>>> print(open('input_19.pdb').read())   # PDB, C-alpha atoms
MODEL        1
ATOM      1  CA  MET G  23      51.197  87.758 -36.249
ATOM      2  CA  SER G  24      48.757  84.955 -37.078
ATOM      3  CA  ASN G  25      48.279  84.247 -40.751
ATOM      4  CA  PHE G  26      45.792  81.375 -40.703
ATOM      5  CA  ILE G  27      42.152  82.433 -40.432
ATOM      6  CA  GLN G  28      40.097  79.225 -40.623
ATOM      7  CA  ILE G  29      39.677  75.957 -42.462
ATOM      8  CA  THR G  30      36.747  75.649 -44.840
ATOM      9  CA  PRO G  31      36.470  72.038 -45.979
ATOM     10  CA  PHE G  32      35.082  71.045 -49.363
ATOM     11  CA  MET G  33      32.091  68.746 -49.156
ATOM     12  CA  HIS G  34      31.131  66.825 -52.280
ATOM     13  CA  VAL G  35      27.419  66.161 -52.758
ATOM     14  CA  GLU G  36      25.200  64.669 -55.424
ATOM     15  CA  ASP G  37      22.484  67.314 -55.145
ATOM     16  CA  LEU G  38      23.562  70.847 -54.257
ATOM     17  CA  GLN G  39      20.032  72.145 -53.685
ATOM     18  CA  HIS G  40      19.245  69.280 -51.315
ATOM     19  CA  ALA G  41      22.464  69.946 -49.375
ATOM     20  CA  LEU G  42      21.721  73.669 -49.134
ATOM     21  CA  SER G  43      18.185  72.998 -47.933
ATOM     22  CA  PHE G  44      19.559  70.639 -45.273
ATOM     23  CA  PHE G  45      22.279  73.002 -44.050
ATOM     24  CA  ASN G  46      20.162  76.157 -44.195
ATOM     25  CA  ASP G  47      16.752  74.853 -43.112
ATOM     26  CA  ILE G  48      17.791  72.153 -40.638
ATOM     27  CA  LEU G  49      21.182  73.261 -39.305
ATOM     28  CA  GLY G  50      20.785  77.047 -39.533
ATOM     29  CA  PHE G  51      23.616  77.860 -41.955
ATOM     30  CA  GLN G  52      23.335  80.669 -44.508
ATOM     31  CA  THR G  53      24.356  80.506 -48.155
ATOM     32  CA  LEU G  54      26.751  83.394 -48.767
ATOM     33  CA  PHE G  55      27.601  82.536 -52.364
ATOM     34  CA  ARG G  56      26.274  80.128 -54.987
ATOM     35  CA  ALA G  57      27.202  79.589 -58.644
ATOM     36  CA  ASN G  58      27.605  76.711 -61.108
ATOM     37  CA  GLY G  59      27.432  73.709 -58.786
ATOM     38  CA  TYR G  60      29.260  75.441 -55.923
ATOM     39  CA  ALA G  61      28.102  77.092 -52.727
ATOM     40  CA  TYR G  62      29.815  78.708 -49.761
ATOM     41  CA  ILE G  63      27.846  78.475 -46.523
ATOM     42  CA  GLN G  64      28.466  79.857 -43.066
ATOM     43  CA  ARG G  65      27.137  79.773 -39.545
ATOM     44  CA  GLU G  66      29.034  81.989 -37.136
ATOM     45  CA  THR G  67      32.723  81.099 -37.739
ATOM     46  CA  ALA G  68      32.061  77.684 -39.350
ATOM     47  CA  CYS G  69      32.200  77.673 -43.148
ATOM     48  CA  ILE G  70      31.861  74.874 -45.708
ATOM     49  CA  ARG G  71      32.395  74.905 -49.464
ATOM     50  CA  ILE G  72      29.926  72.544 -51.130
ATOM     51  CA  LEU G  73      30.560  71.131 -54.598
ATOM     52  CA  GLN G  74      28.016  69.219 -56.622
ATOM     53  CA  ASN G  75      29.551  66.178 -58.332
ATOM     54  CA  ASP G  76      28.647  65.452 -61.897
ATOM     55  CA  VAL G  77      27.939  61.852 -62.845
ATOM     56  CA  THR G  78      31.381  61.341 -64.368
ATOM     57  CA  SER G  79      33.305  62.798 -61.441
ATOM     58  CA  ARG G  80      35.626  60.471 -59.567
ATOM     59  CA  THR G  81      35.123  62.458 -56.384
ATOM     60  CA  PRO G  82      33.244  60.455 -53.740
ATOM     61  CA  ASN G  83      29.567  61.193 -53.234
ATOM     62  CA  GLY G  84      28.143  61.591 -49.772
ATOM     63  CA  ASP G  85      27.797  58.178 -48.202
ATOM     64  CA  ARG G  86      28.118  58.889 -44.475
ATOM     65  CA  ARG G  87      31.755  57.780 -44.518
ATOM     66  CA  PHE G  88      32.949  61.369 -44.667
ATOM     67  CA  ALA G  89      32.699  63.301 -41.413
ATOM     68  CA  TYR G  90      32.873  67.018 -40.941
ATOM     69  CA  CYS G  91      33.262  68.272 -37.400
ATOM     70  CA  VAL G  92      32.232  71.717 -36.270
ATOM     71  CA  ASP G  93      33.602  72.643 -32.839
ATOM     72  CA  VAL G  94      31.009  74.474 -30.758
ATOM     73  CA  ARG G  95      31.018  76.040 -27.313
ATOM     74  CA  ASP G  96      27.737  74.451 -26.127
ATOM     75  CA  VAL G  97      26.537  71.357 -27.992
ATOM     76  CA  ASP G  98      23.454  70.986 -25.773
ATOM     77  CA  ALA G  99      22.302  74.530 -26.523
ATOM     78  CA  LEU G 100      22.788  73.871 -30.245
ATOM     79  CA  TYR G 101      20.768  70.656 -29.959
ATOM     80  CA  ALA G 102      17.964  72.483 -28.137
ATOM     81  CA  GLU G 103      17.896  75.094 -30.904
ATOM     82  CA  LEU G 104      17.916  72.536 -33.739
ATOM     83  CA  LYS G 105      15.669  69.878 -32.150
ATOM     84  CA  PRO G 106      12.386  70.891 -33.832
ATOM     85  CA  ARG G 107      14.084  70.672 -37.236
ATOM     86  CA  LEU G 108      16.114  67.569 -36.389
ATOM     87  CA  ASP G 109      12.844  65.860 -35.446
ATOM     88  CA  THR G 110      11.828  66.089 -39.118
ATOM     89  CA  LEU G 111      14.704  63.758 -40.114
ATOM     90  CA  PRO G 112      14.256  59.968 -40.333
ATOM     91  CA  ASN G 113      13.982  58.223 -36.976
ATOM     92  CA  GLY G 114      17.383  57.110 -35.702
ATOM     93  CA  ASP G 115      19.413  59.415 -37.960
ATOM     94  CA  VAL G 116      20.415  61.902 -35.257
ATOM     95  CA  HIS G 117      22.734  60.733 -32.477
ATOM     96  CA  GLY G 118      23.380  62.634 -29.276
ATOM     97  CA  PRO G 119      24.349  64.843 -27.786
ATOM     98  CA  ALA G 120      26.408  62.120 -26.121
ATOM     99  CA  ASP G 121      29.689  61.950 -24.231
ATOM    100  CA  LYS G 122      32.396  59.996 -26.065
ATOM    101  CA  GLU G 123      35.338  58.116 -24.582
ATOM    102  CA  TYR G 124      37.746  60.397 -26.466
ATOM    103  CA  GLY G 125      36.740  63.454 -24.441
ATOM    104  CA  GLN G 126      34.119  65.007 -26.712
ATOM    105  CA  ARG G 127      30.400  65.555 -26.302
ATOM    106  CA  GLU G 128      28.954  65.197 -29.799
ATOM    107  CA  LEU G 129      25.798  65.645 -31.810
ATOM    108  CA  LEU G 130      25.905  63.608 -35.046
ATOM    109  CA  VAL G 131      23.635  64.555 -37.951
ATOM    110  CA  PRO G 132      23.830  62.596 -41.221
ATOM    111  CA  ASP G 133      22.655  63.773 -44.612
ATOM    112  CA  GLY G 134      24.669  61.811 -47.131
ATOM    113  CA  ASN G 135      27.758  62.987 -45.264
ATOM    114  CA  LEU G 136      28.126  62.877 -41.502
ATOM    115  CA  ILE G 137      28.154  66.255 -39.745
ATOM    116  CA  ALA G 138      29.454  66.180 -36.167
ATOM    117  CA  PHE G 139      29.066  69.078 -33.755
ATOM    118  CA  GLY G 140      31.518  68.624 -30.882
ATOM    119  CA  GLN G 141      32.427  70.189 -27.587
ATOM    120  CA  SER G 142      35.317  69.205 -25.331
ATOM    121  CA  ILE G 143      34.014  67.517 -22.179
ATOM    122  CA  ALA G 144      36.710  69.434 -20.282
ATOM    123  CA  ASP G 145      34.836  72.643 -21.222
ATOM    124  CA  LEU G 146      31.592  71.490 -19.568
TER     125      LEU G 146
ENDMDL
END
>>> encode(input="input_19.pdb", output="structure tokens")
Amino acid sequence: MSNFIQITPFMHVEDLQHALSFFNDILGFQTLFRANGYAYIQRETACIRILQNDVTSRTPNGDRRFAYCVDVRDVDALYAELKPRLDTLPNGDVHGPADKEYGQRELLVPDGNLIAFGQSIADL
């Protein structure tokens, strides 16, 4: 019997409200729980726990060095769905969807942290 359900990474951000607006309004996630500098968001089976850093925290702030990858079945369909909202981001911020030499087709969306949506090229 399987015991593991899923991985829900912790993402550290400077501004929780900004992060929630980005994930909910741009990427289509939904906030399921929020309290005291913490939020739990979900879209389908992908979940992320977002923590707001206080100024004295030694936890790294979002600086596009930290990548979070969400595996999807159809990255092009996701891009088509998100495109009107992605177009509101600064020019040049969004990359892809593009085939990568390591066998993934990826859509990269930065907002402090780098969010990658990937699909195996073998699945195309």
>>> resolve_selection(input="input_19.pdb", expression="the PyMOL selection byres ((chain G and resi 32) around 6)", output="PyMOL selection string")
chain G and resi 31+33+71-72
>>> resolve_selection(input="input_19.pdb", expression="the PyMOL selection byres ((chain G and resi 46-53) around 8)", output="PyMOL selection string")
chain G and resi 42-45+54-56+61-65+104+107-108
>>> resolve_selection(input="input_19.pdb", expression="the PyMOL selection byres ((chain G and resi 131) around 12)", output="ChimeraX atom specification")
/G:44-45,48-49,86,88-92,101,104-105,107-119,128-130,132-140
>>> atom_distance(input="input_19.pdb", atom1="CA of Lys122 in chain G", atom2="CA of His34 in chain G")
27.1 Å
